[in-house]
$ cat upload-v1.cif   # mmCIF, C-alpha atoms
data_coords
loop_
_atom_site.label_atom_id
_atom_site.label_comp_id
_atom_site.auth_asym_id
_atom_site.auth_seq_id
_atom_site.Cartn_x
_atom_site.Cartn_y
_atom_site.Cartn_z
CA MET A 1 0.00 0.00 0.00
CA PRO A 2 1.52 3.37 -1.02
CA ALA A 3 1.09 4.91 2.42
CA LEU A 4 3.29 7.95 1.76
CA ILE A 5 1.38 8.98 -1.33
CA ASP A 6 -1.96 8.46 0.40
CA HIS A 7 -0.75 10.59 3.27
CA GLU A 8 0.25 13.48 1.00
CA SER A 9 -2.87 13.21 -1.11
CA ARG A 10 -5.03 13.27 2.03
CA ARG A 11 -3.23 16.39 3.27
CA HIS A 12 -3.75 17.96 -0.13
CA GLN A 13 -7.42 17.09 -0.09
CA ILE A 14 -7.86 18.68 3.35
CA ALA A 15 -5.96 21.82 2.26
CA ARG A 16 -8.20 22.13 -0.80
CA ILE A 17 -11.29 22.03 1.43
CA ALA A 18 -9.67 24.65 3.68
CA ALA A 19 -9.04 26.88 0.64
CA ASP A 20 -12.69 26.52 -0.42
CA ILE A 21 -13.91 27.47 3.07
CA ILE A 22 -11.55 30.48 3.21
CA ALA A 23 -12.72 31.66 -0.22
CA ARG A 24 -16.39 31.17 0.68
CA VAL A 25 -16.68 32.38 4.27
CA GLY A 26 -13.23 33.61 5.33
CA LEU A 27 -10.47 32.54 7.68
CA GLU A 28 -12.21 33.15 10.96
CA PRO A 29 -14.97 30.52 10.64
CA LEU A 30 -12.40 27.94 9.46
CA THR A 31 -12.17 25.23 12.12
CA MET A 32 -10.82 21.70 12.12
CA ARG A 33 -14.38 20.57 12.89
CA GLN A 34 -15.80 22.43 9.88
CA ILE A 35 -13.18 20.87 7.60
CA ALA A 36 -13.85 17.40 8.97
CA LYS A 37 -17.57 17.92 8.36
CA GLU A 38 -17.09 18.99 4.74
CA ALA A 39 -14.56 16.22 4.06
CA GLY A 40 -16.71 13.55 5.68
CA PHE A 41 -13.91 12.71 8.12
CA SER A 42 -13.78 12.74 11.91
CA THR A 43 -12.03 15.73 13.49
CA THR A 44 -9.44 13.26 14.81
CA ILE A 45 -8.41 12.37 11.26
CA VAL A 46 -8.01 16.05 10.33
CA THR A 47 -5.90 16.77 13.42
CA HIS A 48 -3.83 13.67 12.60
CA TYR A 49 -2.73 15.43 9.41
CA PHE A 50 -2.56 18.98 10.77
CA ALA A 51 -1.90 19.61 14.45
CA ASN A 52 -3.66 22.98 14.36
CA LYS A 53 -5.14 25.71 12.18
CA ARG A 54 -1.79 27.46 11.83
CA GLU A 55 -0.12 24.35 10.39
CA LEU A 56 -3.07 23.81 8.07
CA LEU A 57 -2.98 27.41 6.83
CA LEU A 58 0.75 27.22 6.11
CA TYR A 59 0.24 24.04 4.06
CA THR A 60 -2.78 25.55 2.29
CA TYR A 61 -0.79 28.69 1.47
CA ARG A 62 2.05 26.63 0.00
CA ALA A 63 -0.46 24.63 -2.07
CA SER A 64 -1.87 27.91 -3.47
CA VAL A 65 1.65 29.10 -4.27
CA ALA A 66 2.29 25.79 -6.05
CA ASN A 67 -0.94 26.21 -8.06
CA THR A 68 0.21 29.67 -9.14
CA GLY A 69 3.62 28.24 -10.06
CA GLU A 70 1.97 25.65 -12.29
CA ARG A 71 -0.09 28.33 -14.05
CA VAL A 72 3.05 30.39 -14.65
CA GLU A 73 5.03 27.47 -16.07
CA ALA A 74 2.10 26.57 -18.33
CA ALA A 75 2.02 30.16 -19.62
CA LEU A 76 5.78 30.19 -20.27
CA GLN A 77 6.01 26.72 -21.80
CA SER A 78 5.07 27.85 -25.30
CA ASP A 79 6.99 31.14 -25.07
CA PRO A 80 9.62 31.81 -22.36
CA CYS A 81 9.55 35.51 -23.38
CA ASP A 82 5.81 35.91 -22.74
CA LEU A 83 6.02 38.51 -19.98
CA GLN A 84 2.37 39.49 -20.26
CA GLY A 85 1.24 35.86 -20.04
CA CYS A 86 3.50 35.30 -17.05
CA VAL A 87 2.18 38.33 -15.19
CA GLU A 88 -1.44 37.46 -16.04
CA SER A 89 -0.94 33.97 -14.66
CA LEU A 90 0.22 35.56 -11.38
CA LEU A 91 -3.01 37.57 -11.12
CA PRO A 92 -6.51 36.52 -9.96
CA GLY A 93 -8.02 36.16 -13.46
CA ASP A 94 -10.31 33.16 -12.96
CA GLU A 95 -12.06 31.24 -10.19
CA ALA A 96 -9.09 29.01 -9.34
CA SER A 97 -6.56 31.85 -9.13
CA LEU A 98 -9.05 33.98 -7.18
CA ARG A 99 -9.32 31.18 -4.61
CA ASP A 100 -5.53 31.10 -4.33
CA TRP A 101 -5.42 34.87 -3.82
CA LYS A 102 -8.05 34.67 -1.09
CA VAL A 103 -5.80 32.14 0.64
CA TYR A 104 -2.93 34.66 0.34
CA PHE A 105 -5.08 37.31 2.01
CA ALA A 106 -5.88 34.92 4.86
CA PHE A 107 -2.20 34.07 5.18
CA TRP A 108 -1.19 37.76 5.23
CA GLN A 109 -3.63 38.32 8.03
CA MET A 110 -1.71 35.84 10.16
CA ALA A 111 1.69 36.92 8.79
CA LEU A 112 1.06 40.37 10.30
CA VAL A 113 1.61 38.89 13.75
CA ASP A 114 3.62 35.73 13.00
CA ALA A 115 7.32 36.15 12.18
CA GLU A 116 7.65 32.73 10.51
CA PHE A 117 4.69 33.45 8.23
CA ALA A 118 6.14 36.88 7.39
CA ALA A 119 9.44 35.20 6.44
CA GLU A 120 7.51 32.74 4.25
CA GLN A 121 5.78 35.67 2.56
CA ARG A 122 9.12 37.39 1.89
CA GLY A 123 10.36 34.13 0.37
CA GLN A 124 7.38 34.02 -1.97
CA VAL A 125 7.91 37.62 -3.06
CA ALA A 126 11.56 36.76 -3.82
CA ASN A 127 10.34 33.74 -5.74
CA ALA A 128 7.88 35.77 -7.83
CA ARG A 129 10.63 38.29 -8.52
CA SER A 130 13.04 35.58 -9.69
CA ILE A 131 10.41 34.10 -12.04
CA LEU A 132 9.84 37.54 -13.58
CA LEU A 133 13.59 38.11 -13.80
CA ARG A 134 13.95 34.81 -15.66
CA VAL A 135 11.41 36.01 -18.25
CA LEU A 136 13.03 39.45 -18.46
CA ASN A 137 16.43 37.84 -19.04
CA ALA A 138 14.97 35.59 -21.75
CA ARG A 139 13.56 38.74 -23.36
CA ALA A 140 16.89 40.56 -23.09
CA ARG A 141 18.62 37.63 -24.81
CA ALA A 142 15.99 37.91 -27.56
CA GLY A 143 16.82 41.61 -27.97
CA LEU A 144 13.79 42.96 -26.08
CA ASN A 145 13.85 45.54 -23.25
CA ARG A 146 17.51 46.17 -23.90
CA GLY A 147 19.20 48.47 -21.43
CA ALA A 148 16.44 48.23 -18.82
CA ASN A 149 17.36 47.65 -15.17
CA LEU A 150 15.86 44.15 -15.05
CA ASP A 151 16.10 43.72 -11.27
CA GLY A 152 14.30 47.02 -10.84
CA VAL A 153 11.64 46.04 -13.39
CA ALA A 154 10.99 42.68 -11.67
CA ARG A 155 10.70 44.48 -8.33
CA ARG A 156 8.23 46.98 -9.78
CA LEU A 157 6.14 44.26 -11.39
CA VAL A 158 5.63 42.34 -8.14
CA VAL A 159 4.49 45.59 -6.46
CA VAL A 160 2.07 46.29 -9.30
CA ILE A 161 0.79 42.69 -9.33
CA GLN A 162 -0.09 42.86 -5.63
CA GLY A 163 -1.80 46.21 -6.13
CA ILE A 164 -3.84 44.96 -9.10
CA ALA A 165 -4.83 41.81 -7.19
CA ILE A 166 -6.21 43.82 -4.27
CA HIS A 167 -8.12 46.11 -6.59
CA SER A 168 -9.60 43.28 -8.63
CA ILE A 169 -10.66 41.24 -5.61
CA PHE A 170 -12.77 44.06 -4.18
CA ASP A 171 -13.81 45.57 -7.51
CA PRO A 172 -14.22 42.70 -9.97
CA VAL A 173 -16.39 44.83 -12.29
CA ASP A 174 -13.87 47.66 -12.82
CA TRP A 175 -10.99 45.17 -12.58
CA SER A 176 -12.29 42.23 -14.59
CA ALA A 177 -9.75 39.94 -16.27
CA ASP A 178 -10.02 42.27 -19.31
CA GLY A 179 -9.66 45.36 -17.14
CA GLN A 180 -6.58 43.90 -15.46
CA ARG A 181 -5.14 43.03 -18.89
CA ALA A 182 -5.72 46.55 -20.21
CA PHE A 183 -4.04 48.11 -17.18
CA LEU A 184 -1.18 45.64 -17.45
CA ASN A 185 -0.76 46.38 -21.13
CA GLY A 186 -0.18 50.02 -20.27
CA GLU A 187 2.36 49.04 -17.63
CA LEU A 188 4.27 46.73 -19.95
CA GLN A 189 4.21 49.26 -22.80
CA ALA A 190 5.70 51.87 -20.48
CA LEU A 191 8.35 49.29 -19.64
CA GLU A 192 9.11 48.63 -23.33
CA ALA A 193 9.37 52.38 -23.88
CA ALA A 194 11.77 52.72 -20.95
CA GLY A 195 13.81 49.66 -21.95
CA MET B 1 -23.44 67.40 30.14
CA PRO B 2 -22.20 66.93 26.56
CA ALA B 3 -23.55 63.41 26.21
CA LEU B 4 -23.17 63.25 22.43
CA ILE B 5 -19.48 64.13 22.52
CA ASP B 6 -18.83 61.67 25.34
CA HIS B 7 -20.56 58.98 23.33
CA GLU B 8 -18.42 59.59 20.23
CA SER B 9 -15.21 59.91 22.21
CA ARG B 10 -15.98 56.64 24.01
CA ARG B 11 -16.53 54.89 20.66
CA HIS B 12 -13.29 56.38 19.41
CA GLN B 13 -11.45 55.19 22.50
CA ILE B 14 -12.76 51.64 22.04
CA ALA B 15 -11.85 51.66 18.32
CA ARG B 16 -8.34 52.77 19.18
CA ILE B 17 -7.96 49.85 21.59
CA ALA B 18 -9.30 47.52 18.89
CA ALA B 19 -6.71 48.89 16.42
CA ASP B 20 -3.94 48.28 18.96
CA ILE B 21 -5.08 44.69 19.51
CA ILE B 22 -5.32 44.05 15.75
CA ALA B 23 -1.82 45.48 15.22
CA ARG B 24 -0.39 43.48 18.11
CA VAL B 25 -2.06 40.06 17.87
CA GLY B 26 -4.34 40.13 14.84
CA LEU B 27 -8.04 40.16 14.10
CA GLU B 28 -8.89 36.66 15.23
CA PRO B 29 -8.11 37.06 18.96
CA LEU B 30 -10.02 40.36 19.02
CA THR B 31 -13.09 39.91 21.20
CA MET B 32 -15.45 42.31 22.93
CA ARG B 33 -14.27 40.82 26.22
CA GLN B 34 -10.60 41.46 25.40
CA ILE B 35 -11.37 45.07 24.52
CA ALA B 36 -13.38 45.55 27.69
CA LYS B 37 -10.48 44.14 29.71
CA GLU B 38 -7.90 46.47 28.10
CA ALA B 39 -10.20 49.49 28.40
CA GLY B 40 -11.10 48.76 32.00
CA PHE B 41 -14.82 48.60 31.09
CA SER B 42 -17.36 45.85 31.48
CA THR B 43 -18.19 43.87 28.33
CA THR B 44 -21.72 45.30 28.62
CA ILE B 45 -20.39 48.83 28.12
CA VAL B 46 -18.43 47.78 25.01
CA THR B 47 -21.47 46.04 23.49
CA HIS B 48 -23.52 49.14 24.31
CA TYR B 49 -21.33 51.07 21.84
CA PHE B 50 -20.81 48.29 19.29
CA ALA B 51 -23.36 45.53 18.87
CA ASN B 52 -20.76 43.11 17.53
CA LYS B 53 -17.24 42.66 16.20
CA ARG B 54 -18.30 43.47 12.64
CA GLU B 55 -19.73 46.86 13.65
CA LEU B 56 -16.62 47.57 15.70
CA LEU B 57 -14.30 46.67 12.82
CA LEU B 58 -16.19 48.92 10.40
CA TYR B 59 -15.89 51.86 12.82
CA THR B 60 -12.21 51.08 13.48
CA TYR B 61 -11.54 50.92 9.73
CA ARG B 62 -13.19 54.32 9.19
CA ALA B 63 -11.16 55.77 12.06
CA SER B 64 -7.96 54.51 10.39
CA VAL B 65 -9.07 56.01 7.07
CA ALA B 66 -9.72 59.32 8.87
CA ASN B 67 -6.23 59.19 10.43
CA THR B 68 -4.73 58.70 6.98
CA GLY B 69 -6.82 61.60 5.65
CA GLU B 70 -5.46 63.86 8.38
CA ARG B 71 -1.87 62.88 7.53
CA VAL B 72 -2.51 63.63 3.85
CA GLU B 73 -4.04 67.04 4.52
CA ALA B 74 -1.13 67.92 6.84
CA ALA B 75 1.30 66.98 4.05
CA LEU B 76 -0.55 69.09 1.48
CA GLN B 77 -1.17 72.12 3.69
CA SER B 78 2.21 73.70 3.02
CA ASP B 79 2.30 72.68 -0.66
CA PRO B 80 -0.81 71.48 -2.53
CA CYS B 81 1.49 70.28 -5.34
CA ASP B 82 3.54 67.96 -3.10
CA LEU B 83 2.70 64.67 -4.79
CA GLN B 84 5.55 62.79 -3.14
CA GLY B 85 4.54 64.02 0.32
CA CYS B 86 0.92 63.08 -0.40
CA VAL B 87 1.82 59.55 -1.52
CA GLU B 88 4.22 59.08 1.41
CA SER B 89 1.50 60.06 3.84
CA LEU B 90 -0.70 57.34 2.33
CA LEU B 91 1.97 54.70 3.01
CA PRO B 92 2.90 52.87 6.25
CA GLY B 93 5.98 54.97 7.06
CA ASP B 94 5.76 55.17 10.86
CA GLU B 95 4.18 53.35 13.78
CA ALA B 96 0.83 55.16 13.58
CA SER B 97 0.37 54.63 9.85
CA LEU B 98 1.52 51.02 10.16
CA ARG B 99 -1.22 50.42 12.75
CA ASP B 100 -3.76 51.91 10.33
CA TRP B 101 -2.53 49.63 7.53
CA LYS B 102 -2.82 46.59 9.78
CA VAL B 103 -6.43 47.59 10.39
CA TYR B 104 -6.90 47.74 6.59
CA PHE B 105 -5.55 44.21 6.27
CA ALA B 106 -7.97 42.99 8.93
CA PHE B 107 -10.80 44.79 7.17
CA TRP B 108 -9.86 43.28 3.78
CA GLN B 109 -9.98 39.85 5.35
CA MET B 110 -13.64 40.41 6.18
CA ALA B 111 -14.35 42.33 2.96
CA LEU B 112 -13.47 39.16 1.01
CA VAL B 113 -16.73 37.61 2.19
CA ASP B 114 -18.84 40.68 3.10
CA ALA B 115 -20.38 42.67 0.24
CA GLU B 116 -20.94 45.81 2.33
CA PHE B 117 -17.31 45.84 3.47
CA ALA B 118 -16.16 45.32 -0.13
CA ALA B 119 -18.27 48.32 -1.20
CA GLU B 120 -16.72 50.38 1.61
CA GLN B 121 -13.27 49.36 0.38
CA ARG B 122 -14.13 50.43 -3.20
CA GLY B 123 -15.29 53.76 -1.80
CA GLN B 124 -11.96 54.26 -0.06
CA VAL B 125 -10.02 53.43 -3.22
CA ALA B 126 -12.13 56.01 -5.08
CA ASN B 127 -11.42 58.48 -2.27
CA ALA B 128 -7.65 57.91 -2.44
CA ARG B 129 -7.78 58.31 -6.21
CA SER B 130 -9.66 61.61 -5.94
CA ILE B 131 -7.14 62.98 -3.42
CA LEU B 132 -4.29 62.11 -5.79
CA LEU B 133 -6.18 63.60 -8.71
CA ARG B 134 -6.61 66.84 -6.74
CA VAL B 135 -2.83 67.03 -6.30
CA LEU B 136 -2.18 66.11 -9.93
CA ASN B 137 -4.58 68.84 -11.06
CA ALA B 138 -2.86 71.36 -8.80
CA ARG B 139 0.43 70.33 -10.40
CA ALA B 140 -1.00 70.63 -13.91
CA ARG B 141 -2.20 74.17 -13.10
CA ALA B 142 1.35 74.91 -11.93
CA GLY B 143 2.71 73.66 -15.27
CA LEU B 144 3.89 70.26 -14.02
CA ASN B 145 3.11 66.86 -15.59
CA ARG B 146 1.55 68.61 -18.58
CA GLY B 147 -0.13 66.31 -21.07
CA ALA B 148 -0.25 63.31 -18.72
CA ASN B 149 -3.48 61.32 -18.42
CA LEU B 150 -4.15 62.39 -14.86
CA ASP B 151 -6.98 59.92 -14.21
CA GLY B 152 -4.73 57.11 -15.37
CA VAL B 153 -1.85 58.35 -13.23
CA ALA B 154 -4.03 58.53 -10.10
CA ARG B 155 -5.29 55.01 -10.80
CA ARG B 156 -1.71 53.72 -11.20
CA LEU B 157 -0.56 55.41 -8.03
CA VAL B 158 -3.22 53.77 -5.85
CA VAL B 159 -2.24 50.37 -7.28
CA VAL B 160 1.43 51.05 -6.56
CA ILE B 161 0.68 52.37 -3.06
CA GLN B 162 -1.15 49.17 -2.12
CA GLY B 163 1.68 47.06 -3.53
CA ILE B 164 4.35 49.03 -1.65
CA ALA B 165 2.34 48.81 1.57
CA ILE B 166 2.11 45.02 1.39
CA HIS B 167 5.82 44.73 0.65
CA SER B 168 6.86 47.06 3.45
CA ILE B 169 4.63 45.42 6.06
CA PHE B 170 6.19 42.00 5.55
CA ASP B 171 9.67 43.21 4.69
CA PRO B 172 10.31 46.35 6.79
CA VAL B 173 14.10 46.03 6.33
CA ASP B 174 14.13 46.05 2.52
CA TRP B 175 11.13 48.42 2.48
CA SER B 176 11.98 50.86 5.26
CA ALA B 177 10.55 54.37 5.05
CA ASP B 178 13.73 55.31 3.12
CA GLY B 179 13.40 52.26 0.87
CA GLN B 180 9.77 53.11 0.13
CA ARG B 181 10.79 56.70 -0.61
CA ALA B 182 13.54 55.61 -3.02
CA PHE B 183 11.17 53.29 -4.88
CA LEU B 184 8.52 56.00 -4.98
CA ASN B 185 11.04 58.54 -6.28
CA GLY B 186 11.67 56.27 -9.24
CA GLU B 187 7.95 55.92 -9.85
CA LEU B 188 7.32 59.66 -9.71
CA GLN B 189 10.33 60.43 -11.91
CA ALA B 190 9.00 58.01 -14.53
CA LEU B 191 5.72 59.85 -14.27
CA GLU B 192 7.40 63.27 -14.75
CA ALA B 193 9.22 61.87 -17.78
CA ALA B 194 5.96 60.57 -19.24
CA GLY B 195 4.06 63.80 -18.43
#
$ encode --input "upload-v1.cif" --output "structure tokens"
Amino acid sequence: MPALIDHESRRHQIARIAADIIARVGLEPLTMRQIAKEAGFSTTIVTHYFANKRELLLYTYRASVANTGERVEAALQSDPCDLQGCVESLLPGDEASLRDWKVYFAFWQMALVDAEFAAEQRGQVANARSILLRVLNARARAGLNRGANLDGVARRLVVVIQGIAIHSIFDPVDWSADGQRAFLNGELQALEAAG
Amino acid sequence: MPALIDHESRRHQIARIAADIIARVGLEPLTMRQIAKEAGFSTTIVTHYFANKRELLLYTYRASVANTGERVEAALQSDPCDLQGCVESLLPGDEASLRDWKVYFAFWQMALVDAEFAAEQRGQVANARSILLRVLNARARAGLNRGANLDGVARRLVVVIQGIAIHSIFDPVDWSADGQRAFLNGELQALEAAG
């Protein structure tokens, strides 16, 4: 019996239910009991996999980060220079990515008062920056954005991505996927002009 | 006896304690009982002023927005064209503004699943945009940033402000007040160049 795989897949299943609850009703009503109820498990099984809510939220956050990573790699697979596609795949443009962003918001809420979570968040910002830098370097090698300060551009883009995400989450009409794309287009054009 | 004033000042006092608790330990441990304890009141007095945590958080959020508004007006009083000063006063650059931003984060957490809170958040974004537009118009009248799309610039700035705030809250070393200012300088110079 592949016990290790079952173990990980069970943890993943529980984290997915946690993400759904966070997206639907928020972090505060999330309890081990609520998760057990929705999963059809006993609370004892849930607490066997996650000792507490904090541990569960950390795992759920990392699962959302991994989802985002998969979307980014899918966007870059056909064209490693597709900066716009890469940035769009980092944004909350559909239901799945919106759920991941709501998990980020929940995580931030705890990271405000939890040094380990704050360090994790800094790590993810560094990670996002390095992905963008990879695309910017691929573009530079292809003769695009020549002369631009690529580190500075990557840094700016992560700031703008977080700002767009917050706007779009609370104002999905003004900041629809198309609205986000239009705004982003302007940003990336300004970058081309500067580069 | 000025009962009305006492009433408002008591509400303000409770909201300030709530903001301190949110900044120190987060939204989740915030309870009416905890507030009563820190204020030296009975829980009954606290619930006399705020029926529940939601009502209290909405009031606390508006108080933080008002604090930010006061900082902005103070920055613009000596120079209505001081865009950098205006933007800096919207950012978490000191302990008081950081506390207000932590209240915003707590509020966002609830706004994710509360339509009225989300509408309030949209209103505050519109408000921030109109303040920035006022400064941009003052600058245009003074011959600065001529030809720039001022609505678009104000929109961009609010996005960038939110992104910087998130970065600086979780990474106060890399995004110190000086670090924020340096980044912002670059942003505003790009704007001057475009304008």
$ resolve_selection --input "upload-v1.cif" --expression "the PyMOL selection byres ((chain B and resi 60) around 9)" --output "ChimeraX atom specification"
/B:12,14-16,18-19,55-59,61-65,103
$ resolve_selection --input "upload-v1.cif" --expression "the PyMOL selection byres ((chain B) within 9 of (chain A))" --output "MDAnalysis selection string"
chainID B and resid 22:28 102 105:106 108:115 118:119 121:122 125 156 158:167 169:171 183 187 190 194
$ residues_around --input "upload-v1.cif" --residues "stretch 127-140 of chain B" --least-positions-apart "5" --cutoff "12 Å" --atoms "all atoms listed in the file" --output "VMD selection string"
chain B and resid 65 to 66 68 to 70 72 to 73 75 to 77 79 to 91 120 to 122 145 to 162 188 191 to 192 195
$ atom_distance --input "upload-v1.cif" --atom1 "atom CA of A:Asp178" --atom2 "atom CA of A:Asp94"
11.1 Å
$ atom_distance --input "upload-v1.cif" --atom1 "atom CA of B:Met32" --atom2 "atom CA of B:Arg10"
14.4 Å
$ atom_distance --input "upload-v1.cif" --atom1 "atom CA of B:Ala142" --atom2 "atom CA of B:Gly93"
27.9 Å
$ build_atoms --input "upload-v1.cif" --residues "stretch 63-82 of chain B" --atoms "N, CA, C and O atoms" --output "compact mmCIF listing (two decimals), keeping the file's coordinate frame"
# COMPACT_ATOMS: atom_id res chain seq x y z
N ALA B 63 -12.05 54.93 11.24
CA ALA B 63 -11.16 55.77 12.06
C ALA B 63 -9.74 55.76 11.48
O ALA B 63 -9.08 56.81 11.42
N SER B 64 -9.29 54.59 11.00
CA SER B 64 -7.96 54.51 10.39
C SER B 64 -7.92 55.30 9.09
O SER B 64 -6.92 55.97 8.78
N VAL B 65 -8.99 55.23 8.30
CA VAL B 65 -9.07 56.01 7.07
C VAL B 65 -9.01 57.51 7.41
O VAL B 65 -8.31 58.28 6.74
N ALA B 66 -9.72 57.90 8.46
CA ALA B 66 -9.72 59.32 8.87
C ALA B 66 -8.32 59.75 9.31
O ALA B 66 -7.87 60.85 8.98
N ASN B 67 -7.62 58.87 10.04
CA ASN B 67 -6.23 59.19 10.43
C ASN B 67 -5.37 59.44 9.20
O ASN B 67 -4.59 60.39 9.16
N THR B 68 -5.51 58.56 8.21
CA THR B 68 -4.73 58.70 6.98
C THR B 68 -5.08 60.02 6.30
O THR B 68 -4.19 60.76 5.86
N GLY B 69 -6.37 60.33 6.25
CA GLY B 69 -6.82 61.60 5.65
C GLY B 69 -6.17 62.81 6.31
O GLY B 69 -5.74 63.75 5.65
N GLU B 70 -6.09 62.74 7.65
CA GLU B 70 -5.46 63.86 8.38
C GLU B 70 -3.98 63.99 8.03
O GLU B 70 -3.47 65.10 7.87
N ARG B 71 -3.29 62.84 7.90
CA ARG B 71 -1.87 62.88 7.53
C ARG B 71 -1.69 63.49 6.14
O ARG B 71 -0.77 64.28 5.90
N VAL B 72 -2.59 63.11 5.22
CA VAL B 72 -2.51 63.63 3.85
C VAL B 72 -2.72 65.15 3.84
O VAL B 72 -1.94 65.89 3.23
N GLU B 73 -3.75 65.60 4.53
CA GLU B 73 -4.04 67.04 4.52
C GLU B 73 -2.89 67.83 5.16
O GLU B 73 -2.54 68.92 4.70
N ALA B 74 -2.29 67.26 6.21
CA ALA B 74 -1.13 67.92 6.84
C ALA B 74 0.01 68.03 5.83
O ALA B 74 0.68 69.07 5.76
N ALA B 75 0.21 66.97 5.03
CA ALA B 75 1.30 66.98 4.05
C ALA B 75 1.05 68.01 2.95
O ALA B 75 1.99 68.63 2.44
N LEU B 76 -0.23 68.20 2.60
CA LEU B 76 -0.55 69.09 1.48
C LEU B 76 -0.75 70.54 1.90
O LEU B 76 -0.81 71.43 1.06
N GLN B 77 -0.85 70.77 3.21
CA GLN B 77 -1.17 72.12 3.69
C GLN B 77 -0.11 73.13 3.26
O GLN B 77 -0.44 74.22 2.79
N SER B 78 1.16 72.74 3.38
CA SER B 78 2.21 73.70 3.02
C SER B 78 2.41 73.77 1.50
O SER B 78 2.80 74.80 0.97
N ASP B 79 2.13 72.67 0.79
CA ASP B 79 2.30 72.68 -0.66
C ASP B 79 1.29 71.74 -1.32
O ASP B 79 1.48 70.52 -1.33
N PRO B 80 0.23 72.31 -1.91
CA PRO B 80 -0.81 71.48 -2.53
C PRO B 80 -0.32 70.70 -3.74
O PRO B 80 -1.04 69.84 -4.25
N CYS B 81 0.90 70.99 -4.20
CA CYS B 81 1.49 70.28 -5.34
C CYS B 81 2.43 69.16 -4.91
O CYS B 81 3.05 68.52 -5.75
N ASP B 82 2.54 68.92 -3.60
CA ASP B 82 3.54 67.96 -3.10
C ASP B 82 3.04 66.52 -3.26
O ASP B 82 2.56 65.89 -2.32
